[in-house]
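Enquirer: For reference, the file model-v2.cif (mmCIF, C-alpha atoms) is included below:
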```cif
data_my_file
loop_
_atom_site.label_atom_id
_atom_site.label_comp_id
_atom_site.auth_asym_id
_atom_site.auth_seq_id
_atom_site.Cartn_x
_atom_site.Cartn_y
_atom_site.Cartn_z
CA MET A 1 0.00 0.00 0.00
CA THR A 2 2.80 2.41 0.77
CA VAL A 3 6.19 3.27 -0.60
CA GLN A 4 8.66 5.16 1.53
CA ASN A 5 11.43 6.99 -0.27
CA HIS A 6 14.44 8.38 1.54
CA VAL A 7 16.59 8.53 -1.61
CA PHE A 8 16.63 12.00 -3.05
CA ASP A 9 17.90 11.33 -6.58
CA VAL A 10 15.54 13.57 -8.52
CA PRO A 11 13.36 11.55 -10.95
CA TYR A 12 13.05 13.04 -14.42
CA TYR A 13 10.01 15.26 -14.92
CA GLN A 14 9.34 17.72 -17.75
CA PRO A 15 7.31 20.70 -16.46
CA ILE A 16 4.22 21.62 -18.45
CA ALA A 17 3.37 24.98 -16.91
CA ASP A 18 3.96 26.46 -13.45
CA GLU A 19 3.09 23.31 -11.47
CA CYS A 20 6.58 23.06 -9.92
CA ALA A 21 6.38 26.61 -8.56
CA LEU A 22 2.88 25.91 -7.25
CA PHE A 23 4.02 22.77 -5.44
CA GLU A 24 7.03 24.47 -3.89
CA THR A 25 4.97 27.44 -2.70
CA ALA A 26 2.31 25.13 -1.25
CA PHE A 27 5.02 23.19 0.57
CA ASN A 28 6.59 26.34 1.99
CA LYS A 29 3.22 27.68 3.14
CA GLY A 30 1.95 24.40 4.60
CA LEU A 31 -0.94 24.10 2.15
CA PRO A 32 -2.42 20.82 0.82
CA LEU A 33 -2.48 20.23 -2.93
CA LEU A 34 -4.94 18.31 -5.12
CA LEU A 35 -3.88 17.11 -8.59
CA LYS A 36 -6.60 16.33 -11.12
CA GLY A 37 -6.08 14.61 -14.44
CA PRO A 38 -6.25 11.40 -16.50
CA THR A 39 -4.43 8.21 -15.63
CA GLY A 40 -0.83 8.06 -16.80
CA CYS A 41 -0.36 11.78 -17.48
CA GLY A 42 2.46 12.22 -14.95
CA LYS A 43 0.82 13.13 -11.63
CA THR A 44 2.67 10.53 -9.57
CA ARG A 45 6.01 11.19 -11.25
CA PHE A 46 5.51 14.91 -10.60
CA VAL A 47 5.01 14.33 -6.87
CA GLU A 48 8.05 12.02 -6.71
CA HIS A 49 10.10 14.63 -8.58
CA MET A 50 9.09 17.45 -6.24
CA ALA A 51 9.61 15.38 -3.08
CA ALA A 52 13.14 14.55 -4.17
CA LYS A 53 13.78 18.13 -5.26
CA LEU A 54 12.68 19.40 -1.83
CA GLY A 55 14.64 16.67 -0.04
CA ARG A 56 11.62 15.18 1.71
CA PRO A 57 10.71 11.50 2.14
CA ILE A 58 7.40 10.51 0.57
CA TYR A 59 4.74 8.01 1.59
CA THR A 60 2.59 7.01 -1.38
CA VAL A 61 -0.79 5.40 -0.77
CA ALA A 62 -2.68 3.82 -3.68
CA CYS A 63 -6.27 4.38 -2.59
CA HIS A 64 -8.97 1.78 -3.24
CA ASP A 65 -12.54 0.90 -2.25
CA ASP A 66 -11.52 -0.85 0.98
CA LEU A 67 -9.03 1.77 2.16
CA SER A 68 -10.23 3.08 5.52
CA ALA A 69 -9.14 5.80 7.89
CA ALA A 70 -7.53 3.12 10.08
CA ASP A 71 -5.34 2.05 7.16
CA LEU A 72 -3.96 5.58 7.00
CA ILE A 73 -3.74 6.35 10.72
CA GLY A 74 -2.76 2.97 12.17
CA ARG A 75 -4.14 0.23 14.39
CA TYR A 76 -3.35 -2.03 17.28
CA LEU A 77 -1.71 -5.31 16.17
CA LEU A 78 -0.79 -8.44 18.09
CA LYS A 79 2.99 -8.97 18.08
CA GLY A 80 4.54 -11.81 20.05
CA GLY A 81 1.54 -12.03 22.30
CA VAL A 82 1.60 -8.29 23.00
CA THR A 83 -0.77 -5.74 21.52
CA GLU A 84 1.15 -2.81 20.01
CA TRP A 85 0.09 0.32 18.21
CA VAL A 86 1.46 0.53 14.65
CA ASP A 87 1.36 3.86 12.82
CA GLY A 88 -0.16 3.99 9.36
CA PRO A 89 1.51 5.88 6.48
CA LEU A 90 -0.30 9.17 7.14
CA THR A 91 0.69 9.15 10.81
CA ARG A 92 4.30 8.31 9.96
CA ALA A 93 4.40 11.14 7.44
CA VAL A 94 3.09 13.62 10.02
CA ARG A 95 5.54 12.44 12.70
CA GLU A 96 8.51 12.61 10.32
CA GLY A 97 7.58 15.77 8.45
CA ALA A 98 7.30 13.88 5.17
CA ILE A 99 5.06 14.22 2.12
CA CYS A 100 2.02 11.94 2.09
CA TYR A 101 0.62 11.32 -1.38
CA LEU A 102 -2.88 9.84 -1.66
CA ASP A 103 -3.18 8.57 -5.21
CA GLU A 104 -6.80 8.36 -6.50
CA VAL A 105 -8.05 9.58 -3.13
CA ILE A 106 -11.66 9.56 -4.28
CA GLU A 107 -11.58 5.74 -4.35
CA ALA A 108 -11.08 5.55 -0.56
CA ARG A 109 -13.89 5.05 1.91
CA LYS A 110 -15.82 8.07 3.14
CA ASP A 111 -14.30 8.04 6.63
CA VAL A 112 -10.94 9.03 5.11
CA ALA A 113 -12.23 12.53 4.37
CA VAL A 114 -13.12 13.03 8.04
CA VAL A 115 -9.53 12.28 9.03
CA LEU A 116 -8.12 14.63 6.40
CA HIS A 117 -10.19 17.68 7.31
CA PRO A 118 -8.20 18.75 10.42
CA LEU A 119 -4.98 18.30 8.43
CA THR A 120 -6.15 20.44 5.52
CA ASP A 121 -7.13 23.62 7.31
CA ASN A 122 -5.30 26.02 9.61
CA ARG A 123 -5.22 23.43 12.43
CA ARG A 124 -2.90 21.03 10.56
CA ARG A 125 -3.59 18.34 13.13
CA LEU A 126 -3.99 14.59 12.95
CA ILE A 127 -6.34 13.22 15.57
CA ILE A 128 -5.74 9.58 16.57
CA GLU A 129 -8.83 8.60 18.51
CA ARG A 130 -7.63 5.09 19.34
CA THR A 131 -4.60 6.36 21.27
CA GLY A 132 -5.90 9.75 22.33
CA GLU A 133 -3.05 11.51 20.53
CA GLU A 134 -3.38 14.75 18.63
CA LEU A 135 -0.38 15.34 16.40
CA GLN A 136 0.55 18.81 15.22
CA ALA A 137 1.94 18.56 11.69
CA PRO A 138 5.42 20.08 11.46
CA PRO A 139 6.16 22.75 8.83
CA ASN A 140 7.78 20.25 6.44
CA PHE A 141 4.76 17.92 6.34
CA MET A 142 2.68 18.17 3.17
CA LEU A 143 -0.48 16.38 2.06
CA VAL A 144 -0.92 15.80 -1.67
CA ALA A 145 -3.85 13.97 -3.24
CA SER A 146 -4.87 13.11 -6.79
CA TYR A 147 -7.79 11.76 -8.73
CA ASN A 148 -9.13 11.44 -12.24
CA PRO A 149 -12.37 13.49 -12.56
CA GLY A 150 -13.23 12.02 -15.95
CA TYR A 151 -13.15 8.44 -14.71
CA GLN A 152 -15.48 8.68 -11.73
CA ASN A 153 -19.18 7.83 -11.68
CA VAL A 154 -21.86 9.74 -9.82
CA LEU A 155 -21.20 7.73 -6.66
CA LYS A 156 -17.51 8.71 -6.66
CA GLN A 157 -17.41 12.47 -6.32
CA MET A 158 -15.32 14.52 -3.94
CA LYS A 159 -17.49 16.62 -1.68
CA PRO A 160 -17.08 20.40 -2.01
CA SER A 161 -16.34 20.58 1.72
CA THR A 162 -13.26 18.41 1.09
CA ARG A 163 -12.25 19.72 -2.32
CA GLN A 164 -12.24 23.33 -1.15
CA ARG A 165 -9.67 22.54 1.53
CA PHE A 166 -7.02 21.97 -1.14
CA LEU A 167 -5.18 24.07 -3.63
CA SER A 168 -5.88 22.38 -6.94
CA THR A 169 -4.42 22.15 -10.40
CA THR A 170 -5.36 20.16 -13.49
CA PHE A 171 -2.95 17.91 -15.34
CA ASP A 172 -3.35 16.72 -18.89
CA PHE A 173 -1.21 14.96 -21.43
CA PRO A 174 1.67 17.21 -22.51
CA ASP A 175 1.86 18.86 -25.91
CA ALA A 176 3.41 16.75 -28.65
CA GLU A 177 6.93 18.20 -28.47
CA THR A 178 7.12 17.81 -24.70
CA GLU A 179 5.69 14.29 -24.84
CA ILE A 180 8.29 13.30 -27.44
CA GLN A 181 11.04 14.50 -25.09
CA VAL A 182 9.54 12.58 -22.17
CA VAL A 183 9.10 9.33 -24.12
CA ALA A 184 12.62 9.50 -25.54
CA LYS A 185 14.22 10.36 -22.20
CA GLU A 186 12.36 7.70 -20.21
CA SER A 187 12.72 4.86 -22.71
CA GLY A 188 16.02 5.49 -24.45
CA LEU A 189 14.31 5.37 -27.84
CA ASP A 190 15.51 7.85 -30.43
CA THR A 191 13.53 11.04 -31.02
CA GLU A 192 12.31 10.13 -34.50
CA ARG A 193 10.69 6.87 -33.45
CA SER A 194 9.33 8.50 -30.28
CA LYS A 195 7.71 11.09 -32.52
CA SER A 196 5.78 8.33 -34.34
CA LEU A 197 4.46 6.97 -31.04
CA VAL A 198 3.28 10.39 -29.94
CA ARG A 199 1.61 10.95 -33.31
CA LEU A 200 -0.21 7.63 -32.87
CA ALA A 201 -1.31 8.67 -29.37
CA GLY A 202 -2.74 11.90 -30.73
CA HIS A 203 -4.88 9.98 -33.22
CA ILE A 204 -6.14 7.54 -30.57
CA ARG A 205 -7.02 10.33 -28.12
CA GLY A 206 -8.96 12.11 -30.84
CA LEU A 207 -11.12 9.11 -31.76
CA SER A 208 -14.36 9.28 -29.79
CA SER A 209 -15.83 6.57 -32.04
CA LEU A 210 -13.74 3.88 -30.31
CA ASP A 211 -15.59 4.51 -27.03
CA LEU A 212 -12.46 4.01 -24.94
CA GLU A 213 -12.76 4.73 -21.22
CA GLU A 214 -9.43 6.55 -21.43
CA GLY A 215 -7.03 7.50 -24.20
CA VAL A 216 -3.53 6.10 -24.41
CA SER A 217 -1.40 7.47 -21.58
CA THR A 218 2.11 8.82 -21.71
CA ARG A 219 3.03 5.90 -19.44
CA LEU A 220 1.90 3.39 -22.08
CA LEU A 221 3.87 5.25 -24.75
CA ILE A 222 6.98 4.92 -22.60
CA TYR A 223 6.29 1.19 -22.24
CA ALA A 224 5.94 0.86 -26.01
CA ALA A 225 9.10 2.86 -26.62
CA SER A 226 11.01 0.75 -24.09
CA LEU A 227 10.00 -2.46 -25.88
CA ILE A 228 10.99 -1.02 -29.25
CA ALA A 229 14.28 0.26 -27.86
CA GLY A 230 14.88 -3.26 -26.56
CA GLY A 231 14.60 -4.65 -30.07
CA MET A 232 10.96 -5.75 -30.25
CA PRO A 233 9.20 -5.17 -33.60
CA VAL A 234 6.90 -2.14 -33.55
CA GLU A 235 3.73 -4.13 -34.28
CA LYS A 236 4.27 -6.50 -31.35
CA ALA A 237 5.38 -3.72 -29.00
CA LEU A 238 2.22 -1.75 -29.71
CA GLN A 239 0.03 -4.83 -29.36
CA TYR A 240 1.37 -5.48 -25.85
CA SER A 241 1.61 -1.89 -24.66
CA VAL A 242 -1.29 -0.10 -26.40
CA VAL A 243 -3.87 -2.40 -27.99
CA GLU A 244 -4.26 -4.94 -25.19
CA PRO A 245 -4.13 -2.45 -22.26
CA LEU A 246 -6.68 -0.09 -23.84
CA SER A 247 -9.47 -2.56 -24.56
CA ASP A 248 -10.62 -6.16 -24.29
CA GLU A 249 -13.17 -5.72 -27.09
CA PRO A 250 -12.12 -7.53 -30.30
CA ASP A 251 -13.69 -4.86 -32.53
CA VAL A 252 -11.87 -2.05 -30.73
CA GLN A 253 -8.59 -3.93 -30.89
CA VAL A 254 -9.01 -4.40 -34.64
CA ALA A 255 -9.69 -0.67 -35.04
CA LEU A 256 -6.57 0.16 -33.02
CA ARG A 257 -4.43 -2.17 -35.10
CA ASP A 258 -5.83 -0.60 -38.28
CA LEU A 259 -4.93 2.85 -36.96
CA ILE A 260 -1.42 1.67 -36.10
CA ALA A 261 -1.05 0.36 -39.65
CA VAL A 262 -2.10 3.74 -41.06
CA VAL A 263 0.28 5.72 -38.83
CA TYR A 264 3.22 3.42 -39.47
CA GLY A 265 2.43 3.02 -43.15
#
```
Can the structure from this file be put into structure tokens for me?
Expert:
Amino acid sequence: MTVQNHVFDVPYYQPIADECALFETAFNKGLPLLLKGPTGCGKTRFVEHMAAKLGRPIYTVACHDDLSAADLIGRYLLKGGVTEWVDGPLTRAVREGAICYLDEVIEARKDVAVVLHPLTDNRRRLIIERTGEELQAPPNFMLVASYNPGYQNVLKQMKPSTRQRFLSTTFDFPDAETEIQVVAKESGLDTERSKSLVRLAGHIRGLSSLDLEEGVSTRLLIYAASLIAGGMPVEKALQYSVVEPLSDEPDVQVALRDLIAVVYG
């Protein structure tokens, strides 16, 4: 559920606008930040990049339907016949002055929002009811959350009372030139062949007729480029990294393969 990173080698990230300045200012002012945007557009890499740049450890939590407030705060566990309190990732982040990143926060159970509210206003406190503790977040603690607004149904909406506690910015896929740079840098594929992959992605994202839940992500393009750079034929690389991940429907897969054939001539 969590990843703790104490290694501050800065992961590669290509800024799109002023999101790096926003993150740094939010960190310095003790303000929480909400990132909105489609899957695979770089939200997680951005947070990892900024955490390393600021020299702060990061706890990443992949939120899901069963994630509860106790999973974030902690619980009593039986160890060697003795019951001990074990901090969850959010509590550890507050104690250490780390960054806690809640990926797809809207997927978590509703009681999570109740826990976050005191941390996302001027109180900056984490209340642990089970132990009676009330932790004051240090200046170098930061809460970052993300979700994909276009992917949620009517039952998965963030309440205004929660959303308005965060600064917020919207991510999208980068422009073509930037995406080419990212794909080439991350995969080791040459610029010319990376350009063809990005051109293909542009066509797929523009085709509403395919009825895809989401367009091809930059992440999938990097996967495809990595396979090609490793010597795999383009057709097979795109089958494994684009066609199969995007859809299980035979008709849609045929349409995607036809589009690949057109783009690659």
Enquirer: Quick one: everything within 9 Å of segment 139-151 of chain A, counting all atoms listed in the file, minus sequence neighbours fewer than 5 positions away in the same chain. Send it as an MDAnalysis selection string.
Expert: chainID A and resid 26:39 43:44 47 56 90 93:107 116 119:120 157 166 213:214
Enquirer: Quick one: residues within 12 Å of Ser247 of chain A, only C-alpha atoms, excluding same-chain residues fewer than 4 positions away - as a CSV table (one decimal) with C-alpha atoms, in the coordinates of the input?
Expert:
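Result saved to selection_1.csv:
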```csv
chain,number,residue,atom,x,y,z
A,210,LEU,CA,-13.7,3.9,-30.3
A,211,ASP,CA,-15.6,4.5,-27.0
A,212,LEU,CA,-12.5,4.0,-24.9
A,213,GLU,CA,-12.8,4.7,-21.2
A,214,GLU,CA,-9.4,6.6,-21.4
A,215,GLY,CA,-7.0,7.5,-24.2
A,216,VAL,CA,-3.5,6.1,-24.4
A,239,GLN,CA,0.0,-4.8,-29.4
A,240,TYR,CA,1.4,-5.5,-25.8
A,241,SER,CA,1.6,-1.9,-24.7
A,242,VAL,CA,-1.3,-0.1,-26.4
A,243,VAL,CA,-3.9,-2.4,-28.0
A,251,ASP,CA,-13.7,-4.9,-32.5
A,252,VAL,CA,-11.9,-2.0,-30.7
A,253,GLN,CA,-8.6,-3.9,-30.9
A,254,VAL,CA,-9.0,-4.4,-34.6
A,255,ALA,CA,-9.7,-0.7,-35.0
A,256,LEU,CA,-6.6,0.2,-33.0
A,257,ARG,CA,-4.4,-2.2,-35.1
```
Enquirer: I need the residue set behind the PyMOL selection byres ((chain A and resi 175) around 12) for this file; please write it as a VMD selection string.
Expert: chain A and resid 14 to 17 41 171 to 174 176 to 182 195 198 to 199 201 to 202 218
Enquirer: So, with only C-alpha atoms as the atoms that count, which of A:Leu220, A:Ala70, A:Leu227, A:Leu200 lies closest to Val86 of chain A?
Expert: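 Smallest separation from Val86 of chain A among the options: A:Ala70.
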Enquirer: In Å to one decimal, how far is atom CA of Gly80 of chain A from atom CA of Glu133 of chain A?
Expert: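 Atom CA of Glu133 of chain A sits 24.5 Å away from atom CA of Gly80 of chain A.
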Enquirer: Starting from the PyMOL selection byres ((chain A and resi 49) around 8), expand the selection into actual residues of this file and give them as a PDB file with C-alpha atoms, in the frame of the given file.
Expert:
```pdb
ATOM      1  CA  VAL A  10      15.540  13.570  -8.520  1.00  0.00           C
ATOM      2  CA  PRO A  11      13.360  11.550 -10.950  1.00  0.00           C
ATOM      3  CA  TYR A  12      13.050  13.040 -14.420  1.00  0.00           C
ATOM      4  CA  TYR A  13      10.010  15.260 -14.920  1.00  0.00           C
ATOM      5  CA  ARG A  45       6.010  11.190 -11.250  1.00  0.00           C
ATOM      6  CA  PHE A  46       5.510  14.910 -10.600  1.00  0.00           C
ATOM      7  CA  VAL A  47       5.010  14.330  -6.870  1.00  0.00           C
ATOM      8  CA  GLU A  48       8.050  12.020  -6.710  1.00  0.00           C
ATOM      9  CA  MET A  50       9.090  17.450  -6.240  1.00  0.00           C
ATOM     10  CA  ALA A  51       9.610  15.380  -3.080  1.00  0.00           C
ATOM     11  CA  ALA A  52      13.140  14.550  -4.170  1.00  0.00           C
ATOM     12  CA  LYS A  53      13.780  18.130  -5.260  1.00  0.00           C
TER      13      LYS A  53
END
```
Enquirer: Find the residue from A:Ile204, A:Val61, A:Leu77, A:Leu67 that sits nearest to Pro89 of chain A; use all atoms listed in the file when measuring.
Expert: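 The answer is A:Val61, which sits nearest to Pro89 of chain A.
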Enquirer: Work out how far apart atom CA of Glu19 of chain A and atom CA of Asp121 of chain A are and give it in Å to one decimal.
Expert: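 Rounded to one decimal, the two atoms are 21.4 Å apart.
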Enquirer: Can you tell me how far atom CA of Cys63 of chain A sits from atom CA of Arg109 of chain A, in Å to one decimal?
Expert: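 Distance between the two atoms: 8.9 Å.
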Enquirer: Using only C-alpha atoms, which of the listed residues (A:Leu167, A:Cys20, A:Ile73, A:Ala137) sits closest to Val114 of chain A?
Expert: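 Of the candidates, the smallest distance to Val114 of chain A is held by A:Ile73.
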Enquirer: Centre and edge lengths of an axis-aligned box around all listed atoms of segment 181-193 of chain A, with 6 Å added on each side, are to be given in Å to one decimal, as JSON.
Expert:
```
{"center_x": 12.6, "center_y": 9.7, "center_z": -27.4, "size_x": 18.9, "size_y": 21.6, "size_z": 26.3}
```
Enquirer: Find, counting only C-alpha atoms, the residue in A:Leu207, A:Ala21, A:Val183, A:Leu259 that gets nearest to Ala225 of chain A.
Expert: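 Closest candidate: A:Val183.
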Enquirer: Pick from A:Ile260, A:Val115, A:Ala229, A:Val82: nearest to Thr162 of chain A, with all atoms listed in the file counted?
Expert: A:Val115
Enquirer: Here is a test: counting all atoms listed in the file, which residue of A:Ser161, A:Ser217, A:Gln136, A:Ser196 is nearest to Pro245 of chain A?
Expert: A:Ser217
Enquirer: Evaluate the PyMOL selection byres ((chain A and resi 234) around 10) here and jot the selected residues down as a CSV table (one decimal) with C-alpha atoms, in the coordinates of the input.
Expert:
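Final file, part-v8.csv:
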```csv
chain,number,residue,atom,x,y,z
A,193,ARG,CA,10.7,6.9,-33.4
A,197,LEU,CA,4.5,7.0,-31.0
A,224,ALA,CA,5.9,0.9,-26.0
A,225,ALA,CA,9.1,2.9,-26.6
A,227,LEU,CA,10.0,-2.5,-25.9
A,228,ILE,CA,11.0,-1.0,-29.2
A,229,ALA,CA,14.3,0.3,-27.9
A,231,GLY,CA,14.6,-4.6,-30.1
A,232,MET,CA,11.0,-5.8,-30.2
A,233,PRO,CA,9.2,-5.2,-33.6
A,235,GLU,CA,3.7,-4.1,-34.3
A,236,LYS,CA,4.3,-6.5,-31.4
A,237,ALA,CA,5.4,-3.7,-29.0
A,238,LEU,CA,2.2,-1.8,-29.7
A,239,GLN,CA,0.0,-4.8,-29.4
A,260,ILE,CA,-1.4,1.7,-36.1
A,264,TYR,CA,3.2,3.4,-39.5
```
